[in-house]
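This report concerns only the one structure given below.
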Number of protein chains: 2
Amino acid sequence: MARKNLLYAQSGGVTPVINATACGLIEEARRHKDRLGKVYAGKDGILGILNEELIDTSKESKADIAALRHTPGGAFGSCRFKLKGIEESRAQYERLIEVFKAHNIGYFFYNGGGDSADTAYKVSQIGDKLGFPVQCIGVPKTIDNDLPITDNCPGFGSVAKYVAVSIMEASLDVESMASSSTKVFVLEVMGRHAGWIAAAGGLAQQKKGDPPHVILFPELPLDEEAMLQKVDKAVKTHGYCSIVVSEGVRDKEGRFLADSGRRDAFGHAQLGGVAPVIAGMVTAKLGYKNHWAVSDYLQRSARHIASENDVEQAYAMGKAAIELALQGKTGVMPIVVRTSSKPYRWKVGEADLARVANREKMMPRSFIAKDGFGITAAARRYLEPLIQGEDYPPYGRDGLPKYVRLKNVLVPQKLPPFNP
Amino acid sequence: MARKNLLYAQSGGVTPVINATACGLIEEARRHKDRLGKVYAGKDGILGILNEELIDTSKESKADIAALRHTPGGAFGSCRFKLKGIEESRAQYERLIEVFKAHNIGYFFYNGGGDSADTAYKVSQIGDKLGFPVQCIGVPKTIDNDLPITDNCPGFGSVAKYVAVSIMEASLDVESMASSSTKVFVLEVMGRHAGWIAAAGGLAQQKKGDPPHVILFPELPLDEEAMLQKVDKAVKTHGYCSIVVSEGVRDKEGRFLADSGRRDAFGHAQLGGVAPVIAGMVTAKLGYKNHWAVSDYLQRSARHIASENDVEQAYAMGKAAIELALQGKTGVMPIVVRTSSKPYRWKVGEADLARVANREKMMPRSFIAKDGFGITAAARRYLEPLIQGEDYPPYGRDGLPKYVRLKNVLVPQKLPPFNP
């Protein structure tokens, strides 16, 4: 029987290391050409599969595929597009199988978070039902670190390192100027539903009293009075206060502070930005001069300061996905299993997609300090290994990282356009 | 005659490499103990000198002084404090001389921008006048790159590298998601009066069509219509648009866009933030989903992605300041002299403080593209060498850079408090 082709797709928000996973997957597949066909990739994720826009990764050189390991963004494109239940979205599921058939796809790898695990699981079911079984493997990726079962999610560790290093550096800046200038600095980070990324800022605290002095988590409604007291105390004790705030912080009525209906002078609604809201509160109530930063996409694309452990795990997940496929598995996802925190040791494990799908791993309350404004020793024990090690991209003579741009050659189409 | 002591002070906004200058200065002074006394440093800059708060750097270990080379922020503290003219601020100038006398200071090194050069120059004059001549040496530092005569200013190159790398990375992120998500990304950078930092974003463009597609400079009033057309064209051509905007961009009436009187839902005035204003315009007029980032202090403290050339020049300026002192010079500043752009070659030169003081070097119009939204080949030729090379700090096992915190032991005071 002819070797079956593989189809890989990236899903949802990209990370500094999602391409490292693609690299691990493609390199491992190339090592098994005797049993595996070509690796195709969905252009812009699953949208490209529905539209039969498949990228033929065999057209890419060995060096370019290797360079994916150190290139941020999503090399084949990703998308925000969630397939609904099978009954609701039957035409789309059937289209996927049709595309799989047309291109001799025997393996589907979906690289994303909880929604993607759900989709991969459903695709495996529908394939069986339609008499075209496809091995469906989920591959974990999310900076939000909210997948269950796996110890952590590739992508998170690098964002965590970026946030910890950034607040450490900016705090040194503020500290040196505080006597005559800015006294309060606010850094806004991602994580709308869970405070994992905000918590990572706490790693910058190497000893008691170190910045950040205040962390604001989406898990707890903002107690403005308590926060202001904490800020004031930090300024009086250390001369300045350094704050990390999650974009998902809400007020006591449950409204996002970032969506507080601000308008600029032109009357345009202002999108996002909880940092200026917190900074504004501090200056209005305490009078301290503030500065604030919103790192937004910078944090989730900063491959230049990626965590080595994260890069290794991201690569390992891609490689393991191929190994699972070769073992004949379907409806599964490779995961990171921690076997020791000090020294940090981990191995690759495996989880059923049905157990991963649609379940968010929230940050335990035990990771947040009693007063609600910092992290605990337990959080530190968990988080610290994830930012360990550096894995720098190569740089060119122009002073810029050598990030690869693939050729992304499409496979000739065989089907009529999809009109759902 | 007893060896005279040295007094060093950091001034104004700190940079990722101002401590590298301190390192070069202290290490070089320690190599000449036969001729030079101790190096003292003003706590929080010149404020510490007025208050007779002098840090004795001889209490710091060789390793800690060496670590200054890779530590951001200002290790002795800096301040925003400008001495006025000698007639207006006579008491302060006299106090400086009094402190110098009390601590046997023969050399004053003032590490800052144009204002600091002016102050150092005036201190040299007043010392002569009061019969206590002090050798006053300016040492260049400013991320704004606005000092005249020197080819560039230590600090700028590292900020430039941070901005170029950051917009390159974030653009890869946006590009991979644009088909179904964010189409316009805006990164706000510093540089209120001159567009040097915004221009550095243009270095990320390795070939025509690369991001950033639009740069907004403080040198040109914002032409909203022309900008929107340019953004729309980029989205239609490339699928997305990546924008770098200087915090100092003004409207046609000369008002800063960042100071456009925004208030949040709590009624607090919003400080700064031109990125959300630009992003809001784009979404209101063109309908594209936007994201924006404000890098603020992150950019000027990001020692983790410093430019190697910048670190070397910063160190060299500190070292050269001591050499000038040993040559008996006063009223001068070491500068960077470029002798070749390709390959990049530079040497240390020297300039009279009187010629450096209070003169801003604006970015030439020839560095901005005709349409006002990009940089020219001339700009690239000038800027590129400044971001070349990487100079990573060492990291600990905790995954964080090993930044040093000095002991900062104060010299016993000898004078009554200063009450100007």
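Each chain in the structure tokens gets a letter, A, B and so on, in the order shown; residues start at 1 in every chain, and ligands are counted from 1 in the order they appear.
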Give the strand (DSSP E or B) residues of segment 85-205 of chain A, as DSSP finds them on the backbone, and put them as an NGL selection string. :A and (105-112 or 135-140 or 142 or 155 or 184-189)
What are the closest atom pairs, with distances in Å to one decimal, for each residue of segment 100-148 of chain A lying within 9 Å of segment 348-360 of chain A, using only C-alpha atoms, rows by chain and rising residue number, as a tab-separated table?
residue	atom	partner	partner_atom	distance
A:Gly113	CA	A:Ala357	CA	8.4
A:Gly114	CA	A:Ala357	CA	5.0
A:Asp115	CA	A:Asn358	CA	5.9
A:Ser116	CA	A:Ala357	CA	7.6
A:Ala117	CA	A:Ala357	CA	5.0
A:Asp118	CA	A:Ala357	CA	4.4
A:Thr119	CA	A:Ala357	CA	8.2
A:Ala120	CA	A:Leu353	CA	7.6
A:Tyr121	CA	A:Leu353	CA	5.8
A:Lys122	CA	A:Ala354	CA	9.0
A:Ile137	CA	A:Leu353	CA	8.0
A:Gly138	CA	A:Leu353	CA	6.8
A:Asn145	CA	A:Glu360	CA	8.9
A:Asp146	CA	A:Glu360	CA	5.2
A:Leu147	CA	A:Glu360	CA	5.7
A:Pro148	CA	A:Val356	CA	5.8
Do me a favour and pick out the residues of chain A within 7 Å of chain B, using only C-alpha atoms, as a compact mmCIF listing (two decimals) with N, CA, C and O atoms, in the first residue's frame.
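Wrote it out as part-v9.txt, contents follow:
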# COMPACT_ATOMS: atom_id res chain seq x y z
N VAL A 14 -0.20 32.30 17.78
CA VAL A 14 1.09 31.64 17.63
C VAL A 14 1.96 31.91 18.86
O VAL A 14 1.58 32.67 19.76
N ASP A 44 -2.59 28.83 6.68
CA ASP A 44 -3.44 29.49 7.68
C ASP A 44 -4.28 28.48 8.45
O ASP A 44 -5.47 28.68 8.71
N PRO A 72 10.13 32.63 15.17
CA PRO A 72 8.82 32.82 15.80
C PRO A 72 7.71 32.98 14.77
O PRO A 72 7.96 32.95 13.56
N GLY A 73 6.49 33.19 15.25
CA GLY A 73 5.33 33.28 14.37
C GLY A 73 4.89 31.89 13.95
O GLY A 73 5.39 30.88 14.47
N GLY A 74 3.98 31.83 13.02
CA GLY A 74 3.51 30.54 12.49
C GLY A 74 3.91 30.45 11.04
O GLY A 74 3.39 31.18 10.20
N ALA A 75 4.84 29.55 10.72
CA ALA A 75 5.47 29.55 9.40
C ALA A 75 4.51 29.22 8.27
O ALA A 75 4.76 29.60 7.13
N GLY A 77 1.16 29.84 8.63
CA GLY A 77 -0.05 30.58 8.93
C GLY A 77 -0.90 29.81 9.91
O GLY A 77 -0.88 28.59 9.96
N SER A 78 -1.61 30.58 10.73
CA SER A 78 -2.52 29.98 11.70
C SER A 78 -3.85 30.71 11.57
O SER A 78 -4.00 31.58 10.71
N CYS A 79 -4.82 30.35 12.36
CA CYS A 79 -6.10 31.06 12.29
C CYS A 79 -6.87 30.94 13.59
O CYS A 79 -6.59 30.06 14.41
N ARG A 80 -7.77 31.86 13.76
CA ARG A 80 -8.75 31.76 14.83
C ARG A 80 -10.03 31.25 14.19
O ARG A 80 -10.77 32.00 13.56
N VAL A 165 12.14 38.48 32.61
CA VAL A 165 13.34 39.28 32.29
C VAL A 165 12.96 40.75 32.08
O VAL A 165 13.63 41.65 32.57
N SER A 166 11.84 40.97 31.40
CA SER A 166 11.44 42.35 31.10
C SER A 166 11.11 43.14 32.36
O SER A 166 11.52 44.30 32.50
N GLU A 169 14.33 43.92 34.24
CA GLU A 169 15.11 44.99 33.62
C GLU A 169 14.45 46.36 33.82
O GLU A 169 15.11 47.32 34.22
N ALA A 170 13.15 46.42 33.53
CA ALA A 170 12.47 47.71 33.65
C ALA A 170 12.49 48.19 35.10
O ALA A 170 12.57 49.39 35.36
N LEU A 172 14.90 47.74 37.27
CA LEU A 172 16.21 48.34 37.53
C LEU A 172 16.23 49.77 37.02
O LEU A 172 16.83 50.66 37.65
N ASP A 173 15.60 49.99 35.89
CA ASP A 173 15.51 51.33 35.32
C ASP A 173 14.74 52.26 36.26
O ASP A 173 15.23 53.32 36.67
N SER A 176 16.44 53.21 39.51
CA SER A 176 17.55 54.17 39.46
C SER A 176 17.09 55.61 39.25
O SER A 176 17.85 56.53 39.44
N MET A 177 15.85 55.77 38.84
CA MET A 177 15.35 57.12 38.56
C MET A 177 14.34 57.60 39.60
O MET A 177 13.90 58.76 39.55
N SER A 179 14.01 58.53 42.63
CA SER A 179 14.10 59.63 43.59
C SER A 179 13.60 60.94 42.99
O SER A 179 13.10 61.80 43.71
N SER A 180 13.73 61.09 41.67
CA SER A 180 13.30 62.36 41.08
C SER A 180 12.33 62.19 39.92
O SER A 180 11.96 63.17 39.29
N SER A 181 11.94 60.93 39.62
CA SER A 181 11.10 60.75 38.43
C SER A 181 10.03 59.69 38.69
O SER A 181 9.41 59.67 39.75
N SER A 260 -12.98 49.47 29.62
CA SER A 260 -13.73 50.39 30.44
C SER A 260 -14.24 51.59 29.65
O SER A 260 -14.40 52.67 30.16
N GLY A 261 -14.44 51.36 28.37
CA GLY A 261 -15.13 52.36 27.57
C GLY A 261 -14.38 53.65 27.34
O GLY A 261 -14.97 54.71 27.17
N ARG A 262 -13.06 53.58 27.33
CA ARG A 262 -12.31 54.81 27.09
C ARG A 262 -12.45 55.24 25.64
O ARG A 262 -12.55 54.42 24.73
N ARG A 263 -12.41 56.52 25.44
CA ARG A 263 -12.43 57.07 24.08
C ARG A 263 -11.31 58.10 23.99
O ARG A 263 -11.02 58.78 24.96
N ASP A 264 -10.72 58.19 22.83
CA ASP A 264 -9.67 59.20 22.68
C ASP A 264 -10.31 60.52 22.25
O ASP A 264 -11.53 60.63 22.13
N ALA A 265 -9.45 61.51 22.01
CA ALA A 265 -9.95 62.85 21.69
C ALA A 265 -10.70 62.86 20.37
O ALA A 265 -11.48 63.77 20.09
N HIS A 268 -12.76 57.94 19.15
CA HIS A 268 -12.62 56.52 18.85
C HIS A 268 -12.59 55.72 20.14
O HIS A 268 -11.92 56.10 21.09
N ALA A 269 -13.28 54.60 20.15
CA ALA A 269 -13.20 53.72 21.31
C ALA A 269 -11.78 53.17 21.43
O ALA A 269 -11.14 52.89 20.42
N GLN A 270 -11.30 53.10 22.64
CA GLN A 270 -9.96 52.57 22.87
C GLN A 270 -10.06 51.09 23.18
O GLN A 270 -10.79 50.69 24.09
N PRO A 276 -2.68 51.27 31.45
CA PRO A 276 -2.94 52.69 31.69
C PRO A 276 -4.05 52.93 32.71
O PRO A 276 -4.04 53.96 33.40
N VAL A 277 -4.97 52.00 32.82
CA VAL A 277 -6.04 52.16 33.81
C VAL A 277 -5.46 52.05 35.22
O VAL A 277 -5.72 52.90 36.09
N GLY A 280 -3.25 55.01 35.89
CA GLY A 280 -4.07 56.19 36.14
C GLY A 280 -4.63 56.21 37.55
O GLY A 280 -4.64 57.25 38.23
N MET A 281 -5.10 55.05 38.02
CA MET A 281 -5.60 54.94 39.40
C MET A 281 -4.52 55.35 40.41
O MET A 281 -4.78 56.10 41.35
N ALA A 284 -3.83 59.09 40.23
CA ALA A 284 -4.96 59.88 40.72
C ALA A 284 -5.08 59.81 42.24
O ALA A 284 -5.35 60.81 42.90
N TRP A 292 3.97 53.15 32.01
CA TRP A 292 3.39 51.83 31.79
C TRP A 292 3.78 51.30 30.42
O TRP A 292 4.05 52.06 29.50
N ALA A 293 3.79 49.99 30.34
CA ALA A 293 4.11 49.32 29.07
C ALA A 293 3.06 48.23 28.83
O ALA A 293 2.56 47.62 29.77
N VAL A 294 2.74 48.05 27.56
CA VAL A 294 1.85 46.96 27.16
C VAL A 294 2.65 46.12 26.18
O VAL A 294 2.99 46.59 25.09
N SER A 295 2.99 44.89 26.58
CA SER A 295 3.91 44.15 25.71
C SER A 295 3.19 43.41 24.59
O SER A 295 3.78 43.13 23.56
N ASP A 296 1.92 43.11 24.77
CA ASP A 296 1.09 42.59 23.69
C ASP A 296 1.83 41.52 22.88
O ASP A 296 2.43 40.62 23.46
N TYR A 297 1.80 41.59 21.55
CA TYR A 297 2.40 40.54 20.73
C TYR A 297 3.90 40.40 20.93
O TYR A 297 4.48 39.37 20.59
N LEU A 298 4.56 41.45 21.44
CA LEU A 298 6.01 41.33 21.63
C LEU A 298 6.31 40.11 22.49
O LEU A 298 7.24 39.37 22.24
N SER A 301 6.05 36.68 20.67
CA SER A 301 6.87 36.47 19.48
C SER A 301 8.35 36.60 19.78
O SER A 301 9.18 36.42 18.89
N ALA A 302 8.69 36.87 21.04
CA ALA A 302 10.08 37.20 21.40
C ALA A 302 10.97 35.95 21.41
O ALA A 302 11.48 35.54 22.45
N GLU A 384 9.71 28.02 37.76
CA GLU A 384 11.13 28.34 37.49
C GLU A 384 11.77 27.45 36.41
O GLU A 384 12.45 27.97 35.53
N ILE A 387 11.51 28.48 32.60
CA ILE A 387 12.23 29.60 31.96
C ILE A 387 13.74 29.36 31.94
O ILE A 387 14.51 30.23 31.54
N GLN A 388 14.14 28.17 32.35
CA GLN A 388 15.60 27.92 32.45
C GLN A 388 16.24 27.71 31.08
O GLN A 388 15.68 27.03 30.23
N GLY A 389 17.43 28.24 30.97
CA GLY A 389 18.23 28.05 29.77
C GLY A 389 17.92 29.07 28.70
O GLY A 389 16.81 29.60 28.61
N ARG A 397 24.82 39.54 9.82
CA ARG A 397 25.74 40.68 9.93
C ARG A 397 24.99 42.00 10.03
O ARG A 397 25.57 43.04 10.35
N ASP A 398 23.69 41.95 9.75
CA ASP A 398 22.88 43.17 9.88
C ASP A 398 22.37 43.37 11.30
O ASP A 398 21.62 44.31 11.57
N GLY A 399 22.78 42.50 12.21
CA GLY A 399 22.37 42.67 13.60
C GLY A 399 20.99 42.12 13.92
O GLY A 399 20.49 42.29 15.04
N LEU A 400 20.37 41.47 12.95
CA LEU A 400 19.01 40.93 13.15
C LEU A 400 19.04 39.40 13.19
O LEU A 400 19.90 38.78 12.57
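The two atoms in question, atom CA of Pro412 of chain B and atom CA of Val139 of chain B, are spaced 26.6 Å apart.
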Spatial neighbours of Lys230 of chain B, 12 Å, only C-alpha atoms, chain gap at least 2 places, as a PyMOL selection string: chain B and resi 184+212-216+223-228+232-238+240-243+282+286+371-374
Can you pull out every residue from segment 275-349 of chain A that DSSP, working from the backbone, puts in alpha helix (DSSP H), and format the result as a ChimeraX atom specification? /A:275-286,296-301,308-326
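Atom CA of Gly127 of chain B to atom CA of Glu27 of chain B spans 26.5 Å [interatomic distance, one decimal].
Non-sequential neighbours of Arg95 of chain B (distance at most 9 Å, separation of 5 or more positions within a chain, only C-alpha atoms) are Ile49, Leu50, Asn51, Arg90, Phe100, Phe418 and Pro420 of chain B.
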Next, dump the selected residues to file, keeping only N, CA, C and O atoms, as a tab-separated table (two decimals), in the first residue's frame.
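result-v4.tsv, freshly written:
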chain	number	residue	atom	x	y	z
B	49	ILE	N	25.36	64.56	44.85
B	49	ILE	CA	26.54	65.41	45.08
B	49	ILE	C	26.11	66.62	45.90
B	49	ILE	O	26.75	66.98	46.89
B	50	LEU	N	24.99	67.23	45.50
B	50	LEU	CA	24.49	68.40	46.26
B	50	LEU	C	24.21	68.01	47.71
B	50	LEU	O	24.47	68.79	48.63
B	51	ASN	N	23.71	66.80	47.91
B	51	ASN	CA	23.39	66.34	49.27
B	51	ASN	C	24.57	65.67	49.97
B	51	ASN	O	24.41	65.07	51.03
B	90	ARG	N	23.60	79.87	41.32
B	90	ARG	CA	24.93	80.04	41.89
B	90	ARG	C	25.15	79.20	43.14
B	90	ARG	O	26.19	78.54	43.30
B	100	PHE	N	33.27	69.10	46.39
B	100	PHE	CA	34.52	68.68	45.75
B	100	PHE	C	35.71	68.92	46.68
B	100	PHE	O	36.57	68.07	46.86
B	418	PHE	N	22.76	70.73	52.87
B	418	PHE	CA	22.62	71.80	51.89
B	418	PHE	C	21.19	72.32	51.91
B	418	PHE	O	20.25	71.59	51.66
B	420	PRO	N	19.50	75.12	49.93
B	420	PRO	CA	19.66	76.16	48.92
B	420	PRO	C	18.61	77.26	49.10
B	420	PRO	O	17.57	77.04	49.66
Quick one: pull the distance between atom CA of Leu222 of chain A and atom CA of Tyr288 of chain A, Å, one decimal. 19.6 Å
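Near Ala63 of chain B, within a cut-off of 12 Å and counting only C-alpha atoms, sit the residues Cys23, Glu27, Lys59, Glu60, Ser61, Ile65, Ala66, Ala67, Leu68, Arg69, His70, Lys402, Tyr403, Val404, Arg405 and Leu406 of chain B, with same-chain residues fewer than 2 positions away left out.
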Restrict the selected residues to all heavy atoms and save them as a compact mmCIF listing (two decimals), in the first residue's frame.
# COMPACT_ATOMS: atom_id res chain seq x y z
N CYS B 23 31.51 51.05 34.16
CA CYS B 23 32.47 49.95 34.28
C CYS B 23 33.81 50.33 33.64
O CYS B 23 34.87 50.17 34.24
CB CYS B 23 31.86 48.71 33.60
SG CYS B 23 32.95 47.28 33.51
N GLU B 27 37.09 50.73 35.95
CA GLU B 27 38.18 49.78 35.70
C GLU B 27 39.45 50.50 35.25
O GLU B 27 40.56 50.17 35.69
CB GLU B 27 37.76 48.72 34.67
CG GLU B 27 36.73 47.74 35.25
CD GLU B 27 36.43 46.54 34.36
OE1 GLU B 27 36.73 46.59 33.15
OE2 GLU B 27 35.88 45.55 34.88
N LYS B 59 34.72 50.25 47.52
CA LYS B 59 34.18 49.18 48.36
C LYS B 59 33.60 48.02 47.55
O LYS B 59 33.19 47.01 48.12
CB LYS B 59 33.06 49.72 49.27
CG LYS B 59 33.43 50.92 50.12
CD LYS B 59 34.37 50.55 51.25
CE LYS B 59 34.54 51.73 52.20
NZ LYS B 59 35.68 51.52 53.14
N GLU B 60 33.53 48.21 46.25
CA GLU B 60 32.94 47.16 45.40
C GLU B 60 34.05 46.23 44.88
O GLU B 60 35.13 46.68 44.53
CB GLU B 60 32.20 47.78 44.21
CG GLU B 60 31.22 48.90 44.56
CD GLU B 60 29.98 48.43 45.33
OE1 GLU B 60 29.70 47.21 45.33
OE2 GLU B 60 29.30 49.28 45.93
N SER B 61 33.71 44.96 44.79
CA SER B 61 34.69 43.98 44.32
C SER B 61 34.95 44.15 42.83
O SER B 61 34.16 44.75 42.10
CB SER B 61 34.15 42.56 44.55
OG SER B 61 33.07 42.32 43.68
N ILE B 65 32.22 45.20 39.84
CA ILE B 65 32.44 46.29 38.89
C ILE B 65 32.43 45.76 37.47
O ILE B 65 31.81 46.34 36.56
CB ILE B 65 33.77 47.04 39.20
CG1 ILE B 65 33.67 47.78 40.55
CG2 ILE B 65 34.11 48.03 38.07
CD1 ILE B 65 32.59 48.86 40.63
N ALA B 66 33.03 44.59 37.26
CA ALA B 66 33.02 43.99 35.92
C ALA B 66 31.60 43.69 35.47
O ALA B 66 31.26 43.81 34.28
CB ALA B 66 33.87 42.72 35.90
N ALA B 67 30.75 43.29 36.43
CA ALA B 67 29.36 42.93 36.09
C ALA B 67 28.53 44.14 35.68
O ALA B 67 27.45 43.99 35.09
CB ALA B 67 28.70 42.21 37.26
N LEU B 68 29.02 45.35 36.00
CA LEU B 68 28.30 46.54 35.54
C LEU B 68 28.19 46.57 34.02
O LEU B 68 27.25 47.11 33.46
CB LEU B 68 29.02 47.82 36.01
CG LEU B 68 28.90 48.17 37.48
CD1 LEU B 68 29.72 49.43 37.75
CD2 LEU B 68 27.45 48.38 37.87
N ARG B 69 29.18 45.96 33.38
CA ARG B 69 29.19 45.97 31.91
C ARG B 69 27.93 45.34 31.32
O ARG B 69 27.52 45.69 30.22
CB ARG B 69 30.44 45.23 31.41
CG ARG B 69 30.63 45.36 29.93
CD ARG B 69 31.95 44.75 29.45
NE ARG B 69 31.90 44.63 28.00
CZ ARG B 69 32.78 45.17 27.17
NH1 ARG B 69 33.81 45.84 27.64
NH2 ARG B 69 32.66 45.02 25.87
N HIS B 70 27.34 44.41 32.04
CA HIS B 70 26.15 43.74 31.48
C HIS B 70 24.88 44.00 32.29
O HIS B 70 23.91 43.25 32.16
CB HIS B 70 26.41 42.24 31.32
CG HIS B 70 26.66 41.52 32.60
ND1 HIS B 70 27.89 41.03 32.97
CD2 HIS B 70 25.83 41.21 33.62
CE1 HIS B 70 27.79 40.45 34.15
NE2 HIS B 70 26.55 40.55 34.57
N LYS B 402 22.14 37.55 35.22
CA LYS B 402 22.82 37.84 36.49
C LYS B 402 23.18 39.31 36.53
O LYS B 402 24.33 39.68 36.22
CB LYS B 402 24.08 37.00 36.60
CG LYS B 402 23.82 35.54 36.88
CD LYS B 402 25.17 34.85 37.02
CE LYS B 402 25.07 33.48 37.61
NZ LYS B 402 26.41 32.86 37.70
N TYR B 403 22.23 40.14 36.89
CA TYR B 403 22.49 41.56 37.01
C TYR B 403 23.00 41.86 38.40
O TYR B 403 22.50 41.32 39.38
CB TYR B 403 21.22 42.36 36.70
CG TYR B 403 20.76 42.23 35.26
CD1 TYR B 403 19.41 42.18 34.94
CD2 TYR B 403 21.68 42.17 34.21
CE1 TYR B 403 19.00 42.07 33.61
CE2 TYR B 403 21.27 42.06 32.88
CZ TYR B 403 19.92 42.01 32.59
OH TYR B 403 19.52 41.91 31.28
N VAL B 404 23.99 42.73 38.47
CA VAL B 404 24.63 43.00 39.76
C VAL B 404 23.89 44.12 40.50
O VAL B 404 23.35 45.04 39.88
CB VAL B 404 26.12 43.37 39.58
CG1 VAL B 404 26.28 44.74 38.94
CG2 VAL B 404 26.85 43.33 40.92
N ARG B 405 23.85 44.01 41.79
CA ARG B 405 23.37 45.10 42.63
C ARG B 405 24.54 45.48 43.53
O ARG B 405 25.03 44.66 44.31
CB ARG B 405 22.17 44.62 43.46
CG ARG B 405 21.45 45.71 44.22
CD ARG B 405 20.20 45.15 44.89
NE ARG B 405 19.20 44.82 43.89
CZ ARG B 405 18.33 45.71 43.40
NH1 ARG B 405 18.35 46.96 43.83
NH2 ARG B 405 17.45 45.36 42.50
N LEU B 406 25.01 46.69 43.42
CA LEU B 406 26.20 47.11 44.17
C LEU B 406 25.86 47.36 45.64
O LEU B 406 24.71 47.54 46.02
CB LEU B 406 26.78 48.38 43.55
CG LEU B 406 27.24 48.25 42.09
CD1 LEU B 406 27.82 49.59 41.61
CD2 LEU B 406 28.27 47.15 41.92
